[in-house]
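This report concerns only the one structure given below.
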Amino acid sequence: MRETLQLEADVLVLGGGLAGTWAAVAAARSGARVILADKGYCGTSGVTATAGPGHWWVPPDPALRSAAIEKRLATAFGLADPAWMARIIELTWQTLPTLAGYYDFPQDDAGVTQYRGLRGPEYMRAMRRLALDQGVQILDQSPALELLLLADGAVAGARGHQRQLGQDWQVRSGAVVVATGGCAFLSHLLGAHTNTGDGYLMAAEAGAALSGMEFTTYYTVAPVHTSMTRSMSYAFATYYDAAGHELPIPPGPGSTDALARALLQGTVFCSLHKMPADVRAQLPRISPNVMLPFARQGIDPYTQRFEVTLRGEGTVRGIGGLDVVSDDCATRVPGLYAAGDAATRELIAGATSGGGAQNSAWALSSGHWAGQGAARHARSVGIRTQAAVQGAGEAGLRPRTRAAPPPLAAVRQLVTAEMLPLDKNYFRTGAGLRQSLTLLDDAWQAIRDSAGVDGADRMKWRETAALVASGRWSYRGALARAESRGMHHRLDHRQTDAALAHRLVQHGVDQPQWQTPVSTPQPEEQPA
Amino acid sequence: MIEWIVSDRCTGCNQCVAVCPTNVLEAASDGPPRIARQEDCQTCFMCELYCQEDAIFVGADCESAQPVDRQAVLAQGLLGQFRRDSGWDEWASDPRYANEHWRMDRVFLLARALASAQQTG
Ligand SMILES: Cc1cc2nc3c(=O)[nH]c(=O)nc-3n(C[C@H](O)[C@H](O)[C@H](O)COP(=O)(O)OP(=O)(O)OC[C@H]3O[C@@H](n4cnc5c(N)ncnc54)[C@H](O)[C@@H]3O)c2cc1C
């Protein structure tokens with residue numbers, strides 16, 4: 001192994017997706033020296049790059065804005081905060097158009113420039129260029145493995161590995177932004193294979209809390225054996241059972257319940273024959289990747305029926321993540337900030353998915369605020385390079401015993417087997433959750449005792465530890481939420497319980513503890 | 001998942017090695033990159049998009065490797081389909097491949113109207 005690459009920065013951003021790049025840009029614009037490290041390549045990695053994020057896009061008309069907020073509050077089931085909603089709507093409205101020059105915003109048939117929805121690959125290519133132009137130093141193929149802590153518990157950088165160079169890296173910084181995305185539990189959700197919850201684990205080891213981790217029950221339809229979880233086409237879907245009988249499943253976003261039930265009964269087929277001819281012709285220009293699997297399998301989805309499945313999204317278009325305790329998206333650990341899917345989106349979406357509009361607006365806005373907050377923090381404390389630091393990482397890095405680790409593939413298999421099946425995760429019961437939790441707890445103990453190796457497997461063990469940790473927080477939350485609320489369905493508690501109309505916040509890694517919510521942070525009023 | 005790097009098209013620029021989010025490929029000193037960790041491929045098609053030589057074929061199946069009929073891939077024009085439809089590089093000024101992502105919201109609205117017309121009609 002080569003010598004460790006040692007670097008210094010005011011702000012270190014972990015994760016180079018939508019939230020991470022906006023954080024890096026905002027920090028750099030505040031005058032900070034910024035390093036951004038991504039597990040993969042900043043520009044193609046993460047779920048933004050493979051999708052087509054439409055942002056929450058509401059003109060600055062007070063009536064329109066309050067109507068938009070009211071509408072989303074109605075599906076937030078008591079967990080969201082209208083002031084945070086107003087903030088992200090406003091910042092998104094002001095910020096997106098500033099990408100002109102990096103992203104070629106098209107005009108519609110009437111010649112009006114369209115800002116709300118961007119194509120993922122072009123958006124992330126633009127964000128990479130913008131970040132580089134702002135002087136951000138990007139470390140690609142450089143997964144972070146652990147945070148560095150000062151003796152007083154403040155975060156002072158991170159350590160990781162440059163996997164194409166076979167070299168470790170260490171960055172000492174005044175502040176760190178965690179923007180490592182959500183945890184999709186290796187579900188084959190498009191673009192989500194690097195989103196294994198690493199940031200949750202790293203931050204929790206440093207003392208940060210997590211909120212809303214029980215909301216991991218969002219699923220998206222895809223042709224079976226493919227990763228193509230893009231949903232627009234399914235707004236025209238007709239579904240059939242194996243015998244060819246049409247199933248009473250409504251097309252579009254409200255279909256998950258019925259589709260999940262049908263999939264538990266047997267195979268389900270789909271046809272897109274109801275898609276109008278003009279939309280079929282436009283489809284490759286709207287989302288160029290949607291037709292790729294069909295073309296490659298020789299399937300004409302407009303005349304032929306194809307088998308479908310549901311892909312779990314974990315916390316991606318689920319909701320949970322790191323708890324933020326101030327309006328600049330700080331965690332309760334000094335020097336540590338969270339943005340995008342790495343943070344809980346309950347503040348803006350409540351118990352209902354923020355996919356489709358809010359998540360992107362949140363990634364942009366929380367990235368912005370976290371970047372600025374981190375830059376401010378770094379300015380006030382400095383980098384303190386002389387002070388001693390300690391790596392906060394444990395599971396998968398520093399085993400407690402000398403026992404041989406279980407096979408990596410078996411542990412990863414266990415995670416997918418407990419966190420993805422519809423009858424365990426979508427339709428939940430107390431007994432089922434407890435059973436899964438026991439298996440996940442055992443896997444956690446095994447990792448803590450024995451996993452920690454050098455070389456390429458180190459990152460995989462760290463990912464696996466994060467997957468298991470995320471699963472444990474999720475099912476622990478799902479058990480505590482002995483009710484049904486928003487996307488969280490308990491077959492044994494079908495009613496919503498007014499006593500649980502609050503966020504569930506936990507901290508700790510080996511033995512997570514509940515924490516009384518700090519009360520929803522109240523952002524300052526923003527002039528419209 | 002990634003199945004084929006077309007050696008007589010590949011120039012060995014190794015852009016695909018750099019951009020792969022899951023580090024599937026390994027640069028080789030003599031010729032095209034090696035598909036070193038196919039099982040890590042997440043089937044995101046990004047390597048195809050960034051390959052200006054259209055020298056990469058990613059299969060539809062993201063769960064297991066599948067045999068590829070290379071003649072059929074070539075005959076059906078599947079190489080470079082994603083880059084072309086995305087209007088990248090030399091396709092940038094071709095109006096047939098313009099970015100019409102903005103239509104998505106209207107398509108959703110249309111679908112909803114069709115569905116409710118069907119319910120009431
Ligand atoms: C198919 C699909 C369509 C969607 N459509 C919409 C939409 O239309 N509107 C909307 O609002 N939302 C949408 N969403 C949700 C939205 O895309 C996400 O909420 C948003 O992109 C999250 O951005 P992010 O930066 O937090 O995460 P990501 O873009 O996933 O970025 C996370 C990054 O962190 C990196 N990373 C992970 N671990 C590490 C580590 N250990 N070290 C370093 N780097 C690491 C990853 O490689 C990745 O690049 C969609 C999601 C999907 C899956």
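Following the order of the structure tokens, first chain is A, next is B, and so on, with residues numbered from 1 inside each chain and ligands from 1 in the order they appear.
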
DSSP on the backbone: which residues in region 50-285 of chain A end up as strand (DSSP E)? Give the answer as a PyMOL selection string. chain A and resi 137-139+144-150+155-162+167-178+209-211+219-223+238-241+268-271

Excluding region 344-356 of chain A and any residue of its chain fewer than 2 positions from it, enumerate the residues within 7 Å of it, using only C-alpha atoms, and give them as an mmCIF file with C-alpha atoms, in the first residue's frame.
```
data_model
loop_
_atom_site.group_PDB
_atom_site.id
_atom_site.type_symbol
_atom_site.label_atom_id
_atom_site.label_comp_id
_atom_site.auth_asym_id
_atom_site.auth_seq_id
_atom_site.Cartn_x
_atom_site.Cartn_y
_atom_site.Cartn_z
ATOM 1 C CA GLY A 54 -37.988 17.623 -11.074
ATOM 2 C CA THR A 75 -49.845 14.414 3.185
ATOM 3 C CA ALA A 76 -47.090 15.023 5.747
ATOM 4 C CA PHE A 77 -49.165 13.510 8.582
ATOM 5 C CA GLY A 78 -48.005 15.976 11.178
ATOM 6 C CA LEU A 79 -44.254 15.541 10.769
ATOM 7 C CA ALA A 80 -43.324 18.425 8.469
ATOM 8 C CA ASP A 81 -42.722 22.080 9.077
ATOM 9 C CA TRP A 84 -38.765 24.711 6.103
ATOM 10 C CA MET A 85 -40.980 24.080 3.081
ATOM 11 C CA SER A 211 -34.637 10.644 12.487
ATOM 12 C CA GLY A 212 -37.443 8.958 10.571
ATOM 13 C CA ARG A 317 -37.452 8.079 -1.884
ATOM 14 C CA GLY A 318 -38.129 6.945 1.654
ATOM 15 C CA ILE A 319 -37.533 9.680 4.169
ATOM 16 C CA GLY A 320 -35.193 9.082 7.097
ATOM 17 C CA GLY A 321 -31.656 10.226 7.681
ATOM 18 C CA LEU A 322 -29.437 12.331 9.898
ATOM 19 C CA ASP A 323 -31.250 14.725 12.196
ATOM 20 C CA ASP A 341 -30.801 12.105 1.301
ATOM 21 C CA ALA A 342 -28.157 11.749 4.003
ATOM 22 C CA GLN A 358 -39.286 18.004 -2.778
ATOM 23 C CA ASN A 359 -36.252 15.758 -2.582
ATOM 24 C CA ARG A 485 -48.695 6.762 9.206
ATOM 25 C CA GLY A 486 -48.001 7.906 5.645
ATOM 26 C CA MET A 487 -45.839 5.335 3.887
#
```

Based on only C-alpha atoms, which of the residues in chain B come within 6 Å of chain A? I want them as a PyMOL selection string. chain B and resi 19+21-22+44+60-63+85-86+99-102+111

Residues just named, written with N, CA and C atoms as a PDB file, in the first residue's frame:
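This went into out-v8.pdb:
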```
ATOM      1  N   VAL B  19     -15.196   7.097 -15.048  1.00  0.00           N
ATOM      2  CA  VAL B  19     -16.549   7.544 -14.691  1.00  0.00           C
ATOM      3  C   VAL B  19     -17.412   6.457 -14.075  1.00  0.00           C
ATOM      4  N   PRO B  21     -19.375   4.517 -11.690  1.00  0.00           N
ATOM      5  CA  PRO B  21     -19.653   4.786 -10.277  1.00  0.00           C
ATOM      6  C   PRO B  21     -19.279   3.635  -9.347  1.00  0.00           C
ATOM      7  N   THR B  22     -19.225   2.417  -9.877  1.00  0.00           N
ATOM      8  CA  THR B  22     -18.970   1.275  -9.008  1.00  0.00           C
ATOM      9  C   THR B  22     -17.626   0.605  -9.309  1.00  0.00           C
ATOM     10  N   CYS B  44     -26.260   1.220 -14.895  1.00  0.00           N
ATOM     11  CA  CYS B  44     -26.731   2.611 -14.966  1.00  0.00           C
ATOM     12  C   CYS B  44     -26.484   3.209 -16.346  1.00  0.00           C
ATOM     13  N   ALA B  60     -29.426  -5.515 -20.454  1.00  0.00           N
ATOM     14  CA  ALA B  60     -30.571  -5.044 -19.666  1.00  0.00           C
ATOM     15  C   ALA B  60     -30.617  -5.671 -18.277  1.00  0.00           C
ATOM     16  N   ASP B  61     -30.087  -6.875 -18.150  1.00  0.00           N
ATOM     17  CA  ASP B  61     -30.221  -7.615 -16.890  1.00  0.00           C
ATOM     18  C   ASP B  61     -29.225  -7.082 -15.859  1.00  0.00           C
ATOM     19  N   CYS B  62     -29.730  -6.622 -14.711  1.00  0.00           N
ATOM     20  CA  CYS B  62     -28.841  -6.067 -13.684  1.00  0.00           C
ATOM     21  C   CYS B  62     -28.531  -7.084 -12.602  1.00  0.00           C
ATOM     22  N   GLU B  63     -29.104  -8.279 -12.713  1.00  0.00           N
ATOM     23  CA  GLU B  63     -28.934  -9.270 -11.648  1.00  0.00           C
ATOM     24  C   GLU B  63     -27.933 -10.359 -12.005  1.00  0.00           C
ATOM     25  N   ASP B  85     -29.475   9.382 -28.247  1.00  0.00           N
ATOM     26  CA  ASP B  85     -30.782   9.860 -27.773  1.00  0.00           C
ATOM     27  C   ASP B  85     -30.632  10.969 -26.732  1.00  0.00           C
ATOM     28  N   SER B  86     -29.501  10.983 -26.045  1.00  0.00           N
ATOM     29  CA  SER B  86     -29.261  12.033 -25.054  1.00  0.00           C
ATOM     30  C   SER B  86     -28.769  13.326 -25.702  1.00  0.00           C
ATOM     31  N   ASN B  99     -33.359  17.989 -25.942  1.00  0.00           N
ATOM     32  CA  ASN B  99     -33.763  17.664 -24.566  1.00  0.00           C
ATOM     33  C   ASN B  99     -35.198  18.150 -24.321  1.00  0.00           C
ATOM     34  N   GLU B 100     -36.136  17.201 -24.254  1.00  0.00           N
ATOM     35  CA  GLU B 100     -37.532  17.570 -24.004  1.00  0.00           C
ATOM     36  C   GLU B 100     -38.002  17.030 -22.657  1.00  0.00           C
ATOM     37  N   HIS B 101     -37.076  16.988 -21.734  1.00  0.00           N
ATOM     38  CA  HIS B 101     -37.409  16.494 -20.403  1.00  0.00           C
ATOM     39  C   HIS B 101     -38.565  17.266 -19.781  1.00  0.00           C
ATOM     40  N   TRP B 102     -38.688  18.537 -20.142  1.00  0.00           N
ATOM     41  CA  TRP B 102     -39.742  19.384 -19.577  1.00  0.00           C
ATOM     42  C   TRP B 102     -41.142  18.851 -19.875  1.00  0.00           C
ATOM     43  N   ALA B 111     -51.782  11.656 -18.446  1.00  0.00           N
ATOM     44  CA  ALA B 111     -52.096  10.301 -17.975  1.00  0.00           C
ATOM     45  C   ALA B 111     -53.207  10.339 -16.933  1.00  0.00           C
TER      46      ALA B 111
END
```

Quick check for you: according to DSSP on this backbone, which residues of region 67-113 of chain B are classed as alpha helix (DSSP H)? Reply as a list in words.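 Alpha helix (DSSP H) assignments inside region 67-113 of chain B correspond to Arg70, Gln71, Ala72, Val73, Leu74, Ala75, Gln81, Phe82, Arg83, Arg84, Asp85, Arg103, Met104, Asp105, Arg106, Val107, Phe108, Leu109, Leu110, Ala111, Arg112 and Ala113 of chain B.
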
Restricted to N, CA and C atoms, what would the selected residues look like written as a PDB file, in the first residue's frame?
```
ATOM      1  N   ARG B  70     -23.646 -10.618 -30.348  1.00  0.00           N
ATOM      2  CA  ARG B  70     -22.945  -9.422 -30.806  1.00  0.00           C
ATOM      3  C   ARG B  70     -23.430  -8.953 -32.179  1.00  0.00           C
ATOM      4  N   GLN B  71     -23.720  -9.918 -33.047  1.00  0.00           N
ATOM      5  CA  GLN B  71     -24.215  -9.535 -34.377  1.00  0.00           C
ATOM      6  C   GLN B  71     -25.511  -8.746 -34.252  1.00  0.00           C
ATOM      7  N   ALA B  72     -26.397  -9.231 -33.388  1.00  0.00           N
ATOM      8  CA  ALA B  72     -27.691  -8.569 -33.218  1.00  0.00           C
ATOM      9  C   ALA B  72     -27.517  -7.170 -32.625  1.00  0.00           C
ATOM     10  N   VAL B  73     -26.621  -7.045 -31.658  1.00  0.00           N
ATOM     11  CA  VAL B  73     -26.378  -5.731 -31.048  1.00  0.00           C
ATOM     12  C   VAL B  73     -25.949  -4.733 -32.119  1.00  0.00           C
ATOM     13  N   LEU B  74     -25.039  -5.173 -32.985  1.00  0.00           N
ATOM     14  CA  LEU B  74     -24.563  -4.292 -34.050  1.00  0.00           C
ATOM     15  C   LEU B  74     -25.683  -3.995 -35.043  1.00  0.00           C
ATOM     16  N   ALA B  75     -26.394  -5.055 -35.448  1.00  0.00           N
ATOM     17  CA  ALA B  75     -27.420  -4.902 -36.476  1.00  0.00           C
ATOM     18  C   ALA B  75     -28.553  -3.990 -35.997  1.00  0.00           C
ATOM     19  N   GLN B  81     -26.789   4.083 -28.740  1.00  0.00           N
ATOM     20  CA  GLN B  81     -28.182   4.532 -28.707  1.00  0.00           C
ATOM     21  C   GLN B  81     -28.411   5.578 -27.601  1.00  0.00           C
ATOM     22  N   PHE B  82     -27.876   5.309 -26.423  1.00  0.00           N
ATOM     23  CA  PHE B  82     -28.118   6.186 -25.273  1.00  0.00           C
ATOM     24  C   PHE B  82     -27.455   7.556 -25.486  1.00  0.00           C
ATOM     25  N   ARG B  83     -26.224   7.540 -25.989  1.00  0.00           N
ATOM     26  CA  ARG B  83     -25.487   8.792 -26.196  1.00  0.00           C
ATOM     27  C   ARG B  83     -26.172   9.635 -27.276  1.00  0.00           C
ATOM     28  N   ARG B  84     -26.638   8.955 -28.302  1.00  0.00           N
ATOM     29  CA  ARG B  84     -27.323   9.668 -29.377  1.00  0.00           C
ATOM     30  C   ARG B  84     -28.662  10.244 -28.879  1.00  0.00           C
ATOM     31  N   ASP B  85     -29.475   9.382 -28.247  1.00  0.00           N
ATOM     32  CA  ASP B  85     -30.782   9.860 -27.773  1.00  0.00           C
ATOM     33  C   ASP B  85     -30.632  10.969 -26.732  1.00  0.00           C
ATOM     34  N   ARG B 103     -41.283  17.981 -20.858  1.00  0.00           N
ATOM     35  CA  ARG B 103     -42.618  17.458 -21.164  1.00  0.00           C
ATOM     36  C   ARG B 103     -43.138  16.515 -20.073  1.00  0.00           C
ATOM     37  N   MET B 104     -42.241  16.068 -19.209  1.00  0.00           N
ATOM     38  CA  MET B 104     -42.618  15.026 -18.253  1.00  0.00           C
ATOM     39  C   MET B 104     -43.845  15.404 -17.419  1.00  0.00           C
ATOM     40  N   ASP B 105     -43.877  16.614 -16.911  1.00  0.00           N
ATOM     41  CA  ASP B 105     -45.019  17.028 -16.081  1.00  0.00           C
ATOM     42  C   ASP B 105     -46.319  16.966 -16.873  1.00  0.00           C
ATOM     43  N   ARG B 106     -46.237  17.392 -18.133  1.00  0.00           N
ATOM     44  CA  ARG B 106     -47.457  17.396 -18.950  1.00  0.00           C
ATOM     45  C   ARG B 106     -47.896  15.977 -19.262  1.00  0.00           C
ATOM     46  N   VAL B 107     -46.946  15.090 -19.428  1.00  0.00           N
ATOM     47  CA  VAL B 107     -47.294  13.692 -19.683  1.00  0.00           C
ATOM     48  C   VAL B 107     -48.009  13.108 -18.465  1.00  0.00           C
ATOM     49  N   PHE B 108     -47.516  13.418 -17.276  1.00  0.00           N
ATOM     50  CA  PHE B 108     -48.191  12.943 -16.052  1.00  0.00           C
ATOM     51  C   PHE B 108     -49.623  13.481 -15.989  1.00  0.00           C
ATOM     52  N   LEU B 109     -49.783  14.751 -16.315  1.00  0.00           N
ATOM     53  CA  LEU B 109     -51.131  15.349 -16.282  1.00  0.00           C
ATOM     54  C   LEU B 109     -52.045  14.664 -17.298  1.00  0.00           C
ATOM     55  N   LEU B 110     -51.516  14.433 -18.484  1.00  0.00           N
ATOM     56  CA  LEU B 110     -52.283  13.764 -19.530  1.00  0.00           C
ATOM     57  C   LEU B 110     -52.718  12.377 -19.065  1.00  0.00           C
ATOM     58  N   ALA B 111     -51.782  11.656 -18.446  1.00  0.00           N
ATOM     59  CA  ALA B 111     -52.096  10.301 -17.975  1.00  0.00           C
ATOM     60  C   ALA B 111     -53.207  10.339 -16.933  1.00  0.00           C
ATOM     61  N   ARG B 112     -53.130  11.322 -16.045  1.00  0.00           N
ATOM     62  CA  ARG B 112     -54.149  11.424 -15.017  1.00  0.00           C
ATOM     63  C   ARG B 112     -55.511  11.725 -15.654  1.00  0.00           C
ATOM     64  N   ALA B 113     -55.528  12.616 -16.639  1.00  0.00           N
ATOM     65  CA  ALA B 113     -56.783  12.958 -17.315  1.00  0.00           C
ATOM     66  C   ALA B 113     -57.361  11.722 -18.016  1.00  0.00           C
TER      67      ALA B 113
END
```

For Asp497 (chain A), which residue among A:Ala482, A:Ala131, A:Met202, A:Ala37 is the nearest when counting only C-alpha atoms?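 For Asp497 (chain A), the nearest of the given residues is A:Ala482.
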
Using only C-alpha atoms, which residues sit within 8 Å of Ala65 (chain B) once same-chain residues fewer than 5 positions away are excluded, as a ChimeraX atom specification? /B:1,3,38

For ligand 1, which residue out of B:Cys20, B:Val6, B:Ala28, B:Cys13 is the nearest one, using only C-alpha atoms and all ligand atoms?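 So, comparing all the options, the nearest one is B:Cys20.
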
What does the distance between CA of Ser142 (chain A) and CA of Ala343 (chain A) come to in Å, to one decimal place? 21.2 Å

Excluding Ile35 (chain B) and any residue of its chain fewer than 5 positions from it, enumerate the residues within 7 Å of it, using only C-alpha atoms, and give them as a ChimeraX atom specification. /B:24-26

Work out how far CA of Thr43 (chain B) is from CA of Gly452 (chain A), in Å to one decimal.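 Separating CA of Gly452 (chain A) from CA of Thr43 (chain B) is a distance of 28.7 Å.
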
For CA of Cys16 (chain B) and CA of Asp89 (chain B), determine how far apart the two atoms are, in Å to one decimal place.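 Between CA of Cys16 (chain B) and CA of Asp89 (chain B) the gap works out to 15.6 Å.
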
Identify which of the residues A:Glu8, A:Glu463, A:Asp133, A:Glu418 lies closest to ligand 1, counting only C-alpha atoms and all ligand atoms when measuring atom-to-atom distances.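 Closest residue, counting only C-alpha atoms and all ligand atoms: A:Glu463.
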
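Of the listed residues (A:Ala431, A:Val176, A:Ala501, A:Ala67), A:Val176 comes nearest to ligand 1; the distances count only C-alpha atoms and all ligand atoms.
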
Of the candidates A:Gly111, A:Pro407, A:Pro143, A:Gly120, which shows the shortest atom-to-atom distance to ligand 1, using only C-alpha atoms and all ligand atoms? A:Pro143
